Every structure is written in structure tokens, then in C-alpha cells.
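Enquirer: Sharing input-v3.cif (mmCIF, C-alpha atoms and all ligand atoms) below.
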data_entry
#
loop_
_atom_site.label_atom_id
_atom_site.label_comp_id
_atom_site.auth_asym_id
_atom_site.auth_seq_id
_atom_site.Cartn_x
_atom_site.Cartn_y
_atom_site.Cartn_z
CA MET A 1 -8.35 -29.99 -0.58
CA ARG A 2 -4.61 -29.73 -0.28
CA ILE A 3 -3.05 -31.55 -3.18
CA ALA A 4 0.49 -30.24 -3.20
CA GLY A 5 3.32 -31.69 -1.23
CA ALA A 6 5.37 -30.11 1.49
CA GLY A 7 7.00 -26.78 1.01
CA GLY A 8 4.09 -24.50 1.30
CA LEU A 9 2.34 -25.19 -1.95
CA ALA A 10 -1.29 -24.62 -1.33
CA LEU A 11 -4.45 -25.06 -3.25
CA ALA A 12 -6.89 -22.41 -4.27
CA TRP A 13 -9.98 -23.71 -5.89
CA VAL A 14 -12.77 -22.14 -7.79
CA ALA A 15 -16.24 -23.62 -7.66
CA LEU A 16 -19.01 -22.49 -9.88
CA LEU A 17 -22.34 -22.78 -8.13
CA TYR A 18 -25.97 -21.94 -8.40
CA GLY A 19 -26.62 -21.32 -12.03
CA ALA A 20 -29.65 -19.27 -12.92
CA PRO A 21 -30.69 -20.61 -16.33
CA ALA A 22 -34.26 -19.38 -16.10
CA GLN A 23 -33.44 -15.70 -15.76
CA ALA A 24 -30.19 -15.51 -17.69
CA VAL A 25 -28.92 -13.04 -15.14
CA GLY A 26 -25.68 -14.89 -14.86
CA VAL A 27 -24.13 -17.47 -12.66
CA THR A 28 -22.28 -17.21 -9.43
CA VAL A 29 -18.61 -18.05 -9.34
CA THR A 30 -17.43 -18.83 -5.85
CA VAL A 31 -13.72 -18.84 -5.20
CA LYS A 32 -12.19 -20.37 -2.12
CA ALA A 33 -8.54 -20.45 -1.31
CA LYS A 34 -6.41 -22.26 1.20
CA ILE A 35 -2.90 -20.98 1.50
CA ALA A 36 -0.11 -22.48 3.54
CA ASP A 37 0.22 -21.21 7.08
CA GLY A 38 2.36 -18.16 7.34
CA ALA A 39 1.45 -16.76 3.96
CA GLY A 40 -0.08 -13.81 5.74
CA PRO A 41 -3.22 -11.81 5.26
CA LYS A 42 -2.40 -10.21 1.95
CA ASP A 43 -4.91 -10.01 -0.84
CA ALA A 44 -5.12 -12.26 -3.84
CA ILE A 45 -7.21 -11.36 -6.84
CA VAL A 46 -9.27 -13.43 -9.23
CA VAL A 47 -10.20 -12.19 -12.69
CA LEU A 48 -12.57 -13.87 -15.11
CA ASP A 49 -11.60 -12.74 -18.58
CA PRO A 50 -14.47 -13.15 -21.07
CA LEU A 51 -13.58 -14.78 -24.39
CA ASP A 52 -16.93 -14.32 -26.13
CA PHE A 53 -17.38 -10.57 -25.88
CA LYS A 54 -15.46 -7.39 -25.22
CA PRO A 55 -16.63 -5.52 -22.14
CA PRO A 56 -17.52 -1.86 -22.68
CA PRO A 57 -15.04 0.75 -21.45
CA SER A 58 -15.13 1.81 -17.83
CA HIS A 59 -15.56 5.22 -16.29
CA ASP A 60 -15.38 3.91 -12.75
CA THR A 61 -13.70 5.59 -9.82
CA ALA A 62 -11.70 4.09 -6.96
CA VAL A 63 -9.81 5.28 -3.89
CA VAL A 64 -6.41 4.26 -2.53
CA ASP A 65 -5.99 5.98 0.82
CA GLN A 66 -2.87 6.58 2.89
CA MET A 67 -3.23 5.94 6.60
CA ASP A 68 -0.54 5.41 9.24
CA LYS A 69 2.12 5.45 6.56
CA GLN A 70 0.49 2.66 4.61
CA PHE A 71 -1.57 2.47 1.47
CA VAL A 72 -5.11 1.30 2.15
CA PRO A 73 -5.84 -1.03 0.50
CA GLN A 74 -2.47 -2.40 -0.52
CA VAL A 75 -3.98 -4.30 -3.43
CA THR A 76 -6.63 -2.76 -5.64
CA VAL A 77 -8.16 -4.05 -8.87
CA VAL A 78 -9.84 -1.70 -11.29
CA ARG A 79 -11.05 -1.78 -14.85
CA THR A 80 -9.09 -0.05 -17.55
CA GLY A 81 -10.12 3.58 -17.66
CA THR A 82 -10.79 3.92 -13.94
CA ALA A 83 -9.91 7.21 -12.21
CA VAL A 84 -8.18 6.48 -8.91
CA SER A 85 -7.98 9.09 -6.17
CA PHE A 86 -5.08 9.02 -3.68
CA PRO A 87 -6.20 10.96 -0.62
CA ASN A 88 -3.65 11.38 2.16
CA SER A 89 -5.35 10.80 5.51
CA ASP A 90 -2.13 11.20 7.50
CA GLN A 91 -0.92 14.37 9.19
CA ILE A 92 2.36 14.11 7.30
CA LYS A 93 2.95 14.49 3.59
CA HIS A 94 3.36 11.66 1.12
CA ASP A 95 4.73 11.56 -2.40
CA VAL A 96 3.03 8.83 -4.41
CA TYR A 97 4.67 7.56 -7.58
CA SER A 98 4.99 4.81 -10.11
CA ASN A 99 8.20 4.65 -12.12
CA TYR A 100 7.15 1.98 -14.58
CA PRO A 101 4.40 1.19 -17.07
CA PRO A 102 1.53 0.85 -17.44
CA LYS A 103 1.31 4.36 -15.93
CA ARG A 104 4.21 6.51 -14.86
CA PHE A 105 3.17 9.32 -12.56
CA GLU A 106 4.08 11.21 -9.42
CA LEU A 107 1.85 13.06 -6.99
CA LYS A 108 4.45 15.36 -5.53
CA LEU A 109 4.66 15.79 -1.77
CA TYR A 110 1.14 16.56 -0.68
CA ALA A 111 -1.38 16.57 2.11
CA GLY A 112 -5.10 16.08 1.82
CA VAL A 113 -6.79 15.10 -1.41
CA PRO A 114 -5.06 15.76 -4.75
CA ALA A 115 -7.10 17.90 -7.09
CA GLN A 116 -7.05 15.34 -9.86
CA PRO A 117 -7.39 11.56 -9.74
CA VAL A 118 -5.03 9.38 -11.76
CA VAL A 119 -6.71 7.72 -14.75
CA PHE A 120 -5.36 4.25 -15.45
CA ASP A 121 -6.05 3.89 -19.15
CA THR A 122 -3.74 0.99 -19.95
CA PRO A 123 -4.12 -2.53 -18.52
CA GLY A 124 -1.30 -3.93 -16.42
CA LEU A 125 0.04 -3.99 -12.89
CA GLU A 126 0.97 -0.74 -11.18
CA ALA A 127 3.55 -0.92 -8.39
CA LEU A 128 3.15 2.17 -6.24
CA GLY A 129 5.51 3.67 -3.73
CA CYS A 130 6.07 6.79 -1.66
CA ASN A 131 9.24 8.79 -2.15
CA VAL A 132 9.31 9.68 1.55
CA HIS A 133 8.51 6.30 3.10
CA ASP A 134 10.20 3.36 1.45
CA LYS A 135 8.03 0.83 3.24
CA MET A 136 4.88 2.15 1.64
CA LYS A 137 4.02 -0.26 -1.16
CA ALA A 138 0.81 -0.93 -3.02
CA PHE A 139 -0.43 -2.48 -6.20
CA VAL A 140 -3.17 -1.46 -8.58
CA GLY A 141 -4.11 -4.14 -11.08
CA ILE A 142 -5.77 -2.74 -14.18
CA VAL A 143 -7.87 -5.21 -16.13
CA ASP A 144 -10.24 -5.02 -19.07
CA SER A 145 -12.70 -7.45 -17.52
CA PRO A 146 -15.44 -6.24 -15.19
CA TYR A 147 -15.48 -9.65 -13.49
CA PHE A 148 -12.93 -9.63 -10.68
CA ALA A 149 -12.71 -9.86 -6.91
CA LYS A 150 -10.23 -10.09 -4.09
CA ILE A 151 -9.75 -13.00 -1.72
CA ARG A 152 -9.49 -11.24 1.59
CA ARG A 153 -8.50 -13.85 4.12
CA LEU A 154 -5.55 -15.75 2.77
CA GLY A 155 -3.64 -17.71 5.36
CA VAL A 156 -6.76 -19.42 6.61
CA SER A 157 -9.24 -19.48 3.79
CA GLY A 158 -11.22 -17.05 1.80
CA SER A 159 -13.87 -16.79 -0.83
CA VAL A 160 -15.28 -14.37 -3.32
CA THR A 161 -18.39 -14.39 -5.43
CA ILE A 162 -18.39 -13.13 -9.00
CA ASN A 163 -21.49 -12.97 -11.18
CA VAL A 164 -20.90 -13.57 -14.86
CA PRO A 165 -23.09 -14.12 -17.91
CA ALA A 166 -22.96 -17.48 -19.64
CA GLY A 167 -19.97 -17.93 -21.89
CA HIS A 168 -16.31 -18.83 -21.97
CA TYR A 169 -13.82 -17.28 -19.57
CA VAL A 170 -10.21 -17.57 -18.62
CA VAL A 171 -9.87 -17.61 -14.85
CA HIS A 172 -6.74 -15.84 -13.63
CA VAL A 173 -5.32 -15.69 -10.13
CA TRP A 174 -2.64 -13.33 -8.86
CA HIS A 175 -1.09 -12.73 -5.46
CA PRO A 176 1.67 -10.25 -4.56
CA ASP A 177 3.84 -13.01 -3.09
CA LEU A 178 3.83 -15.16 -6.21
CA GLY A 179 7.18 -15.58 -7.91
CA ALA A 180 5.86 -16.53 -11.33
CA ARG A 181 2.74 -16.43 -13.39
CA VAL A 182 0.04 -18.98 -12.63
CA PRO A 183 -1.43 -20.26 -15.90
CA GLY A 184 -5.02 -19.22 -16.47
CA GLN A 185 -7.70 -21.83 -16.92
CA THR A 186 -10.51 -21.69 -19.42
CA ILE A 187 -14.02 -22.47 -18.25
CA GLU A 188 -17.38 -22.57 -19.92
CA VAL A 189 -20.21 -21.10 -17.88
CA LYS A 190 -23.65 -22.36 -18.72
CA GLY A 191 -25.42 -22.68 -15.44
CA GLU A 192 -23.88 -25.89 -14.22
CA PRO A 193 -21.30 -26.17 -11.47
CA VAL A 194 -17.71 -25.78 -12.62
CA ALA A 195 -14.66 -26.23 -10.45
CA VAL A 196 -11.19 -24.91 -11.18
CA SER A 197 -8.19 -25.37 -8.94
CA PHE A 198 -4.93 -23.47 -8.69
CA ASP A 199 -1.67 -24.25 -6.94
CA LEU A 200 -0.28 -21.06 -5.47
CA ASP A 201 3.38 -21.32 -4.55
CA LEU A 202 4.05 -18.44 -2.18
CA THR A 203 7.30 -19.79 -0.79
CA GLY A 204 9.82 -18.31 -3.20
CA ILE A 205 11.11 -14.83 -3.87
CA PRO A 206 8.11 -12.66 -4.72
CA ASP A 207 8.06 -11.22 -8.22
CA PRO A 208 4.61 -9.65 -8.44
CA THR A 209 5.20 -8.09 -11.83
CA ALA A 210 6.37 -11.35 -13.41
CA ALA A 211 3.39 -13.08 -11.86
CA TRP A 212 0.86 -10.69 -13.35
CA PRO A 213 -1.28 -13.02 -15.47
CA PHE A 214 -1.97 -10.74 -18.41
CA PRO A 215 0.30 -9.88 -21.34
CU CU B 301 4.76 8.46 2.46
#
Spit out the file's structure as C-alpha cells when you get a sec.

Expert:
Amino acid sequence: MRIAGAGGLALAWVALLYGAPAQAVGVTVTVKAKIADGAGPKDAIVVLDPLDFKPPPSHDTAVVDQMDKQFVPQVTVVRTGTAVSFPNSDQIKHDVYSNYPPKRFELKLYAGVPAQPVVFDTPGLEALGCNVHDKMKAFVGIVDSPYFAKIRRLGVSGSVTINVPAGHYVVHVWHPDLGARVPGQTIEVKGEPVAVSFDLDLTGIPDPTAAWPFP
């Protein structure tokens, strides 16, 4: 399915399969991606942003661990309003921070599990670091939509399945190695197969914040 020329452009494509018109429980969106060799195993995320309704607020929870001087996972997607816990599973202390919107915070040098999670109440892309270990980097994407997933095996191929009700959606793709925003694509879901394709150029200088697909 590669449609781009040389230079590492690769194609990620979204196929909408297996509608369930009889039960109106939604349809399955299957996302597959093929990324140029060498792009590495990092995560990409796919978000289906509904145009026909506003999802209710979230009170979800999530965990971003710290193990072997790395954040685990390095890419997390949550809904706006989610409380994220940052346990430290290492035997050394970490100091987790974000210096920029959507949420500035610092969990000062700590071991174990902080008493309070961090509530991400504004959508956007959080770039996290550790004040002790410069190589520790992670992202938390905060989105209003409940319909999102990560592609876990970039570099070879990968797929995710997202169930959505019928309606109109903008499909967004983001990857931490993108240098610019990939335009979203509008789809209508009504139980019939839909295919959407994306060119992901991961060859330039990464600018994950600029590439974040939401305003
Ligand atoms: Cu650290």
C-alpha cells in the first residue's frame, strides 16, 4: 500500500470494517499502518473526533510509570479530565514536570507513588520530563473524544480497533516523530466500509507539539 516515493514517506491507512447496522452498537474502525524501515517502535495515536455530538466529560484514571529511568508508556492518550498517576517504580528518585501548557506541574523529587494524581483538565499535548534524568521523555495527549487508540508496532505494521457509533468523524493521526501536523480527514460512519489513508513523513526533524492535530 505504499504510495509515497523514496525518502521514507510511508502510508498509514484506516479501514472501516464490519458494520453492525442491526444492533446500532457501533462500527469497528480498523487502523493499519506501514512506516518506513528505521522509524522505530514508537507509538502513534489515532483519534476519531465526533462532529455530531459532544462526548460527556471523563472521570477516567490512567498511570504513567517510571521504570529503569524511562517513562512507561512513553506515549499515553487520555480524555480531558482524566487523573493520571505517576508512580516511581525505580529505586532512585525522579522529578516529573511539564513546563508548558496545557498543564504546568512538577512532582518534586520523589520515590514511590505520589499522594495525588495529576488531573489533565485541558485538551492538548503534554511533554513530560524528569529534572534529574534529561533522557526521560514522555507525552500525554489529552483529547475530548473517547474514541482513540495507539498503533503499537510501527516500523513493521500495526493496527488498532476503535468502536464508534454511526455519525461523522474527523480522523486524526499523530506520532512523536512527525515534524508537522497531518491534516485530519472527515469520514461518515454508517455501517459500510470506509477507508482513509495518511502519509506519515517521519524523516525530518521531529516537532511533536507542532504536529499535534488539535487546536
Ligand atoms: Cu528521573

Enquirer: Listing only residues of chain A within 8 Å of ligand CU 301 (chain B), what is the closest atom pair and its distance in Å (to one decimal) for each, using all atoms listed in the file, sorted by chain and residue number ascending, as a Markdown table?

Expert:
| residue | atom | partner | partner_atom | distance |
| --- | --- | --- | --- | --- |
| A:Gln66 | CA | B:CU301 | CU | 7.9 |
| A:Lys69 | CA | B:CU301 | CU | 5.7 |
| A:Gln70 | CA | B:CU301 | CU | 7.5 |
| A:Ile92 | CA | B:CU301 | CU | 7.8 |
| A:Lys93 | CA | B:CU301 | CU | 6.4 |
| A:His94 | CA | B:CU301 | CU | 3.7 |
| A:Asp95 | CA | B:CU301 | CU | 5.8 |
| A:Val96 | CA | B:CU301 | CU | 7.1 |
| A:Gly129 | CA | B:CU301 | CU | 7.9 |
| A:Cys130 | CA | B:CU301 | CU | 4.6 |
| A:Asn131 | CA | B:CU301 | CU | 6.4 |
| A:Val132 | CA | B:CU301 | CU | 4.8 |
| A:His133 | CA | B:CU301 | CU | 4.4 |
| A:Asp134 | CA | B:CU301 | CU | 7.5 |
| A:Met136 | CA | B:CU301 | CU | 6.4 |

Enquirer: Which of these residues is nearest to Phe214 in chain A, using only C-alpha atoms: A:Pro176, A:Pro165, A:Pro146, A:Gly124?

Expert: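 Closest to Phe214 in chain A, using only C-alpha atoms: A:Gly124.
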
Enquirer: Have a look at A:Met67, A:Lys108, A:Ala127, A:Ser145 and name the one nearest to Gly81 in chain A; count all atoms listed in the file.

Expert: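 Using all atoms listed in the file, the shortest distance to Gly81 in chain A belongs to A:Ser145.
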
Enquirer: Here is a test: counting all atoms listed in the file, which residue of A:Leu202, A:Ala211, A:Val47, A:Val196 is nearest to Ala180 in chain A?

Expert: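 Ranking A:Leu202, A:Ala211, A:Val47, A:Val196 by distance to Ala180 in chain A, first place goes to A:Ala211.
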
Enquirer: Closest to Pro101 in chain A among A:Tyr169, A:Phe71, A:Phe120, A:Phe53, using only C-alpha atoms?

Expert: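 Smallest separation from Pro101 in chain A among the options: A:Phe120.
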
Enquirer: For the atom pair CA of Val171 in chain A and CA of Gly204 in chain A, what is the interatomic distance in Å to one decimal place?

Expert: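 CA of Gly204 in chain A lies 22.9 Å from CA of Val171 in chain A.
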
Enquirer: Counting only C-alpha atoms, which residue out of A:Pro208, A:Pro123, A:Pro117, A:Gly167 sits closest to Glu192 in chain A?

Expert: A:Gly167

Enquirer: Excluding Asn88 in chain A and its own-chain neighbours fewer than 6 positions away, which residues fall within 9 Å of it when counting all atoms listed in the file? Please give them as an mmCIF file with C-alpha atoms, keeping the file's coordinate frame.

Expert:
data_model
loop_
_atom_site.group_PDB
_atom_site.id
_atom_site.type_symbol
_atom_site.label_atom_id
_atom_site.label_comp_id
_atom_site.auth_asym_id
_atom_site.auth_seq_id
_atom_site.Cartn_x
_atom_site.Cartn_y
_atom_site.Cartn_z
ATOM 1 C CA VAL A 64 -6.410 4.260 -2.530
ATOM 2 C CA ASP A 65 -5.990 5.980 0.820
ATOM 3 C CA GLN A 66 -2.870 6.580 2.890
ATOM 4 C CA MET A 67 -3.230 5.940 6.600
ATOM 5 C CA HIS A 94 3.360 11.660 1.120
ATOM 6 C CA TYR A 110 1.140 16.560 -0.680
ATOM 7 C CA ALA A 111 -1.380 16.570 2.110
ATOM 8 C CA GLY A 112 -5.100 16.080 1.820
ATOM 9 C CA VAL A 113 -6.790 15.100 -1.410
ATOM 10 C CA PRO A 114 -5.060 15.760 -4.750
#

Enquirer: Determine the nearest neighbour of Val46 in chain A from the options A:Ala115, A:Leu128, A:Val77, A:Ala83, counting only C-alpha atoms.

Expert: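 Of A:Ala115, A:Leu128, A:Val77, A:Ala83, the one nearest Val46 in chain A is A:Val77, counting only C-alpha atoms.
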
Enquirer: Quick one, how far is CA of Asp199 in chain A from CA of Thr186 in chain A?

Expert: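 These atoms are spaced 15.5 Å apart.
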
Enquirer: For CA of Thr82 in chain A and CA of Lys137 in chain A, quote the distance in Å rounded to one decimal.

Expert: 20.0 Å

Enquirer: Report the centre and edge lengths, in Å to one decimal, of an axis-aligned box enclosing every atom of range 77-90 of chain A listed in the file, padded by 6 Å on each side, as lines of an AutoDock Vina configuration file.

Expert:
center_x = -6.6
center_y = 3.7
center_z = -5.1
size_x = 20.9
size_y = 27.4
size_z = 37.2

Enquirer: Skip Trp212 in chain A itself and residues of its chain fewer than 4 positions away, then list as a compact mmCIF listing (two decimals) with C-alpha atoms, keeping the file's coordinate frame all residues within 10 Å of it, counting all atoms listed in the file.

Expert:
# COMPACT_ATOMS: atom_id res chain seq x y z
CA GLY A 124 -1.30 -3.93 -16.42
CA LEU A 125 0.04 -3.99 -12.89
CA GLY A 141 -4.11 -4.14 -11.08
CA HIS A 172 -6.74 -15.84 -13.63
CA VAL A 173 -5.32 -15.69 -10.13
CA TRP A 174 -2.64 -13.33 -8.86
CA HIS A 175 -1.09 -12.73 -5.46
CA PRO A 176 1.67 -10.25 -4.56
CA LEU A 178 3.83 -15.16 -6.21
CA GLY A 179 7.18 -15.58 -7.91
CA ALA A 180 5.86 -16.53 -11.33
CA ARG A 181 2.74 -16.43 -13.39
CA VAL A 182 0.04 -18.98 -12.63
CA ASP A 207 8.06 -11.22 -8.22
CA PRO A 208 4.61 -9.65 -8.44
